[in-house]
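Below you'll find the structure, written out as structure tokens, and then a few comments.
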Amino acid sequence: MDNSKLNLGMFKAYDIRTKMEKLDGPLLERLAFSIGRYIIDDLKAGSVVICRDARIGAPTVLEKMIDIFSALGLDVLVNPLQVSTCQFYYSCMRHPTSAGIMVTASHNPKEYVGFKLMGMHNVPLAFGYGPSGGIEAIKRYYIEDVRIRTTALRGKVRMISYMEDFIQYSMDLAGVKKGSLAGLNVMGEFLCGSAGAEVATAFGLAGADFRARNLIPNGMFPAGDPNPIIESSIAPAREAMANGGFDIGFCFDGDGDRMDLMDETGRQIVPGFNIAVLIPYILDIFKPAFKQSFHPKFYADVKAIPTAISEIAKAGIDVHMIRNGHSFIKAKLMENFSSGFLASEEESAHYYMNFPLDLKDWSKGAVASENTLFFSLLTARAWMENPSKYEHMRTMQKSFYRVKEWPLYFDNSFERMQEIMDDVEKLMALKGASVVKRMEDGSDLDAVLMRFNLPAKITAKTSLDGTWCQVAERISRSEDAMTRWEVVSSDEAICYEMNAEIRRITDRYVSSGCAHYGE
């Protein structure tokens with residue numbers, strides 16, 4: 001088949017994702033054989049855990065994968081019901097010698113389908129990361145289409161379900177007991193995604209007065225695209241918060257691995273400020289893991305707001321900058337756990353941590369994963385126990401101005417994406433910005449951070465009393481041909497003028513016809 005018809009664009013940096021119409025029957029079968037070949041030949045695994053979220057294309061994909069994988073001799077451990085990606089990760093923790101596939105397209109609209117892939121022992125697979133190159137090898141097998149033989153002895157297909165265990169694990173780790181959240185009024189907005197059952201059940205056991213919105217999984221996503229940063233999708237939840245007498249609210253994306261926190265007025269609590277409150281609790285969790293004194297460390301998103309980084313550092317942890325990408329962040333956390341790296345967050349409301357395999361015995365190891373149920377429960381506990389800290393964080397949020405990350409889409413002019421980023425970087429450098437392109441360990445940041453009157457590393461002692469500004473730009477690795485910018489500053493006029501400067505550059509590319517701002 002002509003490579004132009006193979007939909008090679010679905011192989012992203014951190015997962016496989018595409019519109020379902022571009023993954024018809026023959027291509028889906030071809031992809032399933034390629035993934036199966038990778039699991040057998042490269043991962044050397046004899047079994048695979050498969051779960052799915054609510055999206056409409058997932059059942060077809062599951063059926064095909066179960067059939068092909070078992071025909072290849074792989075044992076298939078499948079949960080046929082809709083679950084969150086976080087529950088999928090926990091399922092993989094229960095089967096450490098299995099590979100893992102979560103059928104999900106995360107926050108994308110209903111017409112998308114995708115795959116988040118795991119190696120054995122919860123090692124995330126990405127493009128260029130994993131045995132033989134991870135997703136890069138799967139893409140190569142997909143192009144070659146050399147199908148390994150099916151076996152006379154089919155693999156076994158076994159049903160699995162770990163929701164009750166997952167809930168108990170998350171509650172125990174968060175220090176939330178039955179009835180301990182009594183008196184707390186909580187709203188959960190699920191946007192018809194797949195996390196509702198586990199979150200509502202856990203908060204009910206914890207005694208909270210919990211009200212769920214759009215609880216029932218529905219792959220048509222009638223409440224809007226399942227993305228907490230799309231204002232039209234979560235505006236009704238904000239209104240409900242403002243009028244409903246709630247203490248806090250949580251918004252989840254389609255597969256439940258993003259959790260956005262709202263206060264009683266419906267305003268977002270920036271993830272960096274939320275994690276700053278949670279750091280003392282997280283440090284307590286890890287005390288048994290490090291019997292000797294250690295220097296705890298934290299990875300902050302490249303877009304993390306300087307004020308939030310300062311608050312995280314003041315909570316008693318050394319903050320290091322990290323590039324975006326769930327697979328990359330988890331890989332770095334696992335690689336550097338022994339050096340004291342405990343957790344991370346992205347401003348897109350992703351939270352990460354090295355989770356113990358056994359809550360009573362850290363010697364059995366830990367795996368870097370996402371668990372929004374744990375972080376939601378811990379946040380609720382912290383809100384009850386330390387309301388003054390959240391009040392302080394809300395005050396800090398008023399100390400800066402921000403133009404949230406916005407996109408520019410390119411029409412197959414991929415070379416122009418780097419060109420426009422270079423144009424913005426040159427302009428900011430001329431204005432006196434210091435430019436950061438690498439992590440502290442020398443790794444590529446895969447983004448450009450331009451700072452005015454700010455150091456490359458922000459610590460608990462960094463003064464933010466003066467006027468400062470930060471501009472972040474990157475190419476999205478999870479979307480098709482997209483660049484993004486975000487501006488934050490202590491000064492309102494500077495914030496909006498810097499954003500206007502960027503916009504004047506992007507306007508030129510839009511006028512030339514090679515890019516557009518979207519709908």
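Order determines the names: the first chain of the structure tokens is A, the second B, and so forth; residues in each chain are numbered 1 upward, and ligands are numbered 1 upward as they are shown.
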Could you give me, as a PyMOL selection string, the residues within 9 Å of stretch 367-371 of chain A, counting only C-alpha atoms and dropping anything in the same chain fewer than 5 positions from it? chain A and resi 85-87+89-90+93+121-124+170+256-258+326+329-334+337+342-343+350-357+376
In stretch 351-466 of chain A, what's helix (DSSP H, G or I) per DSSP? Answer as a ChimeraX atom specification? /A:362-364,372-385,387-397,414-430
With C-alpha atoms kept, could you save the residues just selected as a short mmCIF file (atom, residue, chain, number, x, y, z; two decimals), in the first residue's frame?
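Result file selection35.cif:
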data_model
loop_
_atom_site.label_atom_id
_atom_site.label_comp_id
_atom_site.auth_asym_id
_atom_site.auth_seq_id
_atom_site.Cartn_x
_atom_site.Cartn_y
_atom_site.Cartn_z
CA TRP A 362 8.38 0.45 49.72
CA SER A 363 11.12 -2.13 49.15
CA LYS A 364 8.89 -3.68 46.48
CA THR A 372 -6.28 11.71 39.57
CA LEU A 373 -8.47 9.88 42.08
CA PHE A 374 -5.63 9.95 44.61
CA PHE A 375 -4.85 13.61 43.89
CA SER A 376 -8.53 14.57 44.09
CA LEU A 377 -8.95 12.85 47.45
CA LEU A 378 -5.72 14.37 48.77
CA THR A 379 -6.82 17.80 47.55
CA ALA A 380 -10.19 17.44 49.31
CA ARG A 381 -8.43 16.41 52.51
CA ALA A 382 -6.02 19.35 52.29
CA TRP A 383 -8.89 21.75 51.61
CA MET A 384 -10.60 20.64 54.82
CA GLU A 385 -7.45 20.61 56.94
CA PRO A 387 -8.19 26.19 54.25
CA SER A 388 -5.85 29.09 55.05
CA LYS A 389 -3.22 27.69 52.66
CA TYR A 390 -5.71 27.65 49.80
CA GLU A 391 -6.77 31.17 50.69
CA HIS A 392 -3.11 32.17 50.46
CA MET A 393 -2.79 30.51 47.05
CA ARG A 394 -5.88 32.31 45.79
CA THR A 395 -4.32 35.58 46.92
CA MET A 396 -1.12 34.68 45.08
CA GLN A 397 -3.13 34.01 41.91
CA PHE A 414 5.60 21.83 9.02
CA GLU A 415 8.85 23.64 8.25
CA ARG A 416 7.12 26.95 8.98
CA MET A 417 6.35 25.86 12.56
CA GLN A 418 9.98 26.06 13.63
CA GLU A 419 10.40 29.22 11.60
CA ILE A 420 7.70 31.07 13.50
CA MET A 421 9.07 29.91 16.85
CA ASP A 422 12.48 31.24 15.83
CA ASP A 423 10.88 34.57 14.91
CA VAL A 424 9.27 34.90 18.35
CA GLU A 425 12.47 33.86 20.12
CA LYS A 426 14.54 36.44 18.21
CA LEU A 427 12.07 39.19 19.07
CA MET A 428 12.07 38.33 22.78
CA ALA A 429 15.86 38.10 22.86
CA LEU A 430 16.07 41.58 21.29
#
Go through A:Gly175, A:Ala45, A:Asp75, A:Ala54 and flag the residue nearest A:Pro131, using only C-alpha atoms for the distances. A:Ala45
So that I can see what lies close to A:Glu198, please list as a list of chain:residue names the residues with an atom at most 8 Å from it, counting only C-alpha atoms and leaving out residues fewer than 3 positions away in the same chain.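 In the requested form, the answer reads A:Met163, A:Ile167, A:Ala195, A:Thr201, A:Ala202, A:Leu373.
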Report as a PyMOL selection string: the residues of stretch 33-66 of chain A with a DSSP assignment of strand (DSSP E), based on the backbone of this structure. chain A and resi 47-52
Shell around A:Ala32 at 9 Å using only C-alpha atoms, local window under 2 positions removed, as a count of residues only: 14
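Of the listed residues (A:Val436, A:Leu62, A:Leu173, A:Leu454), A:Val436 comes nearest to A:Ile322; the distances count only C-alpha atoms.
Near A:Ile269, within 8 Å and counting only C-alpha atoms, sit Asp260, Leu261, Met262, Asp263, Phe273, Asn274, Met393 and Arg394 of chain A; same-chain residues fewer than 3 positions away were not included.
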Now that the selection is made, can you save its residues with all heavy atoms as an mmCIF file, in the first residue's frame?
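What ended up in selection.cif:
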data_model
loop_
_atom_site.group_PDB
_atom_site.id
_atom_site.type_symbol
_atom_site.label_atom_id
_atom_site.label_comp_id
_atom_site.auth_asym_id
_atom_site.auth_seq_id
_atom_site.Cartn_x
_atom_site.Cartn_y
_atom_site.Cartn_z
ATOM 1 N N ASP A 260 -8.889 19.251 37.045
ATOM 2 C CA ASP A 260 -8.787 20.691 37.257
ATOM 3 C C ASP A 260 -9.603 21.058 38.491
ATOM 4 O O ASP A 260 -10.761 20.639 38.631
ATOM 5 C CB ASP A 260 -9.311 21.438 36.033
ATOM 6 C CG ASP A 260 -8.406 22.591 35.640
ATOM 7 O OD1 ASP A 260 -7.653 23.074 36.507
ATOM 8 O OD2 ASP A 260 -8.452 23.020 34.476
ATOM 9 N N LEU A 261 -9.013 21.840 39.367
ATOM 10 C CA LEU A 261 -9.640 22.213 40.633
ATOM 11 C C LEU A 261 -10.277 23.592 40.533
ATOM 12 O O LEU A 261 -9.675 24.525 40.008
ATOM 13 C CB LEU A 261 -8.579 22.199 41.748
ATOM 14 C CG LEU A 261 -8.996 22.720 43.119
ATOM 15 C CD1 LEU A 261 -10.085 21.849 43.738
ATOM 16 C CD2 LEU A 261 -7.770 22.799 44.043
ATOM 17 N N MET A 262 -11.516 23.703 41.069
ATOM 18 C CA MET A 262 -12.218 24.989 41.131
ATOM 19 C C MET A 262 -12.573 25.303 42.574
ATOM 20 O O MET A 262 -12.876 24.391 43.360
ATOM 21 C CB MET A 262 -13.500 24.945 40.302
ATOM 22 C CG MET A 262 -13.300 24.771 38.821
ATOM 23 S SD MET A 262 -14.861 24.882 37.877
ATOM 24 C CE MET A 262 -15.716 23.442 38.511
ATOM 25 N N ASP A 263 -12.554 26.600 42.906
ATOM 26 C CA ASP A 263 -13.010 27.001 44.234
ATOM 27 C C ASP A 263 -14.515 27.206 44.229
ATOM 28 O O ASP A 263 -15.193 26.922 43.223
ATOM 29 C CB ASP A 263 -12.263 28.251 44.713
ATOM 30 C CG ASP A 263 -12.600 29.511 43.909
ATOM 31 O OD1 ASP A 263 -13.565 29.509 43.108
ATOM 32 O OD2 ASP A 263 -11.893 30.529 44.091
ATOM 33 N N PHE A 273 -0.316 25.893 42.072
ATOM 34 C CA PHE A 273 -0.644 26.332 43.426
ATOM 35 C C PHE A 273 -1.282 25.205 44.227
ATOM 36 O O PHE A 273 -1.059 25.089 45.438
ATOM 37 C CB PHE A 273 -1.574 27.548 43.376
ATOM 38 C CG PHE A 273 -0.885 28.816 42.966
ATOM 39 C CD1 PHE A 273 -1.268 29.495 41.824
ATOM 40 C CD2 PHE A 273 0.162 29.333 43.712
ATOM 41 C CE1 PHE A 273 -0.625 30.657 41.430
ATOM 42 C CE2 PHE A 273 0.809 30.498 43.338
ATOM 43 C CZ PHE A 273 0.416 31.165 42.189
ATOM 44 N N ASN A 274 -2.077 24.383 43.569
ATOM 45 C CA ASN A 274 -2.660 23.245 44.279
ATOM 46 C C ASN A 274 -1.564 22.296 44.759
ATOM 47 O O ASN A 274 -1.572 21.847 45.907
ATOM 48 C CB ASN A 274 -3.642 22.490 43.375
ATOM 49 C CG ASN A 274 -4.360 21.373 44.103
ATOM 50 O OD1 ASN A 274 -4.767 21.519 45.256
ATOM 51 N ND2 ASN A 274 -4.510 20.238 43.456
ATOM 52 N N MET A 393 -3.059 30.768 48.464
ATOM 53 C CA MET A 393 -2.793 30.510 47.047
ATOM 54 C C MET A 393 -3.712 31.320 46.148
ATOM 55 O O MET A 393 -3.313 31.811 45.096
ATOM 56 C CB MET A 393 -2.926 29.019 46.736
ATOM 57 C CG MET A 393 -1.934 28.140 47.457
ATOM 58 S SD MET A 393 -0.210 28.639 47.175
ATOM 59 C CE MET A 393 0.624 27.672 48.430
ATOM 60 N N ARG A 394 -4.953 31.496 46.581
ATOM 61 C CA ARG A 394 -5.879 32.315 45.785
ATOM 62 C C ARG A 394 -5.433 33.777 45.776
ATOM 63 O O ARG A 394 -5.596 34.481 44.781
ATOM 64 C CB ARG A 394 -7.301 32.172 46.320
ATOM 65 C CG ARG A 394 -7.880 30.780 46.045
ATOM 66 C CD ARG A 394 -9.373 30.730 46.226
ATOM 67 N NE ARG A 394 -9.753 30.732 47.644
ATOM 68 C CZ ARG A 394 -11.013 30.641 48.071
ATOM 69 N NH1 ARG A 394 -12.005 30.569 47.192
ATOM 70 N NH2 ARG A 394 -11.279 30.625 49.355
#
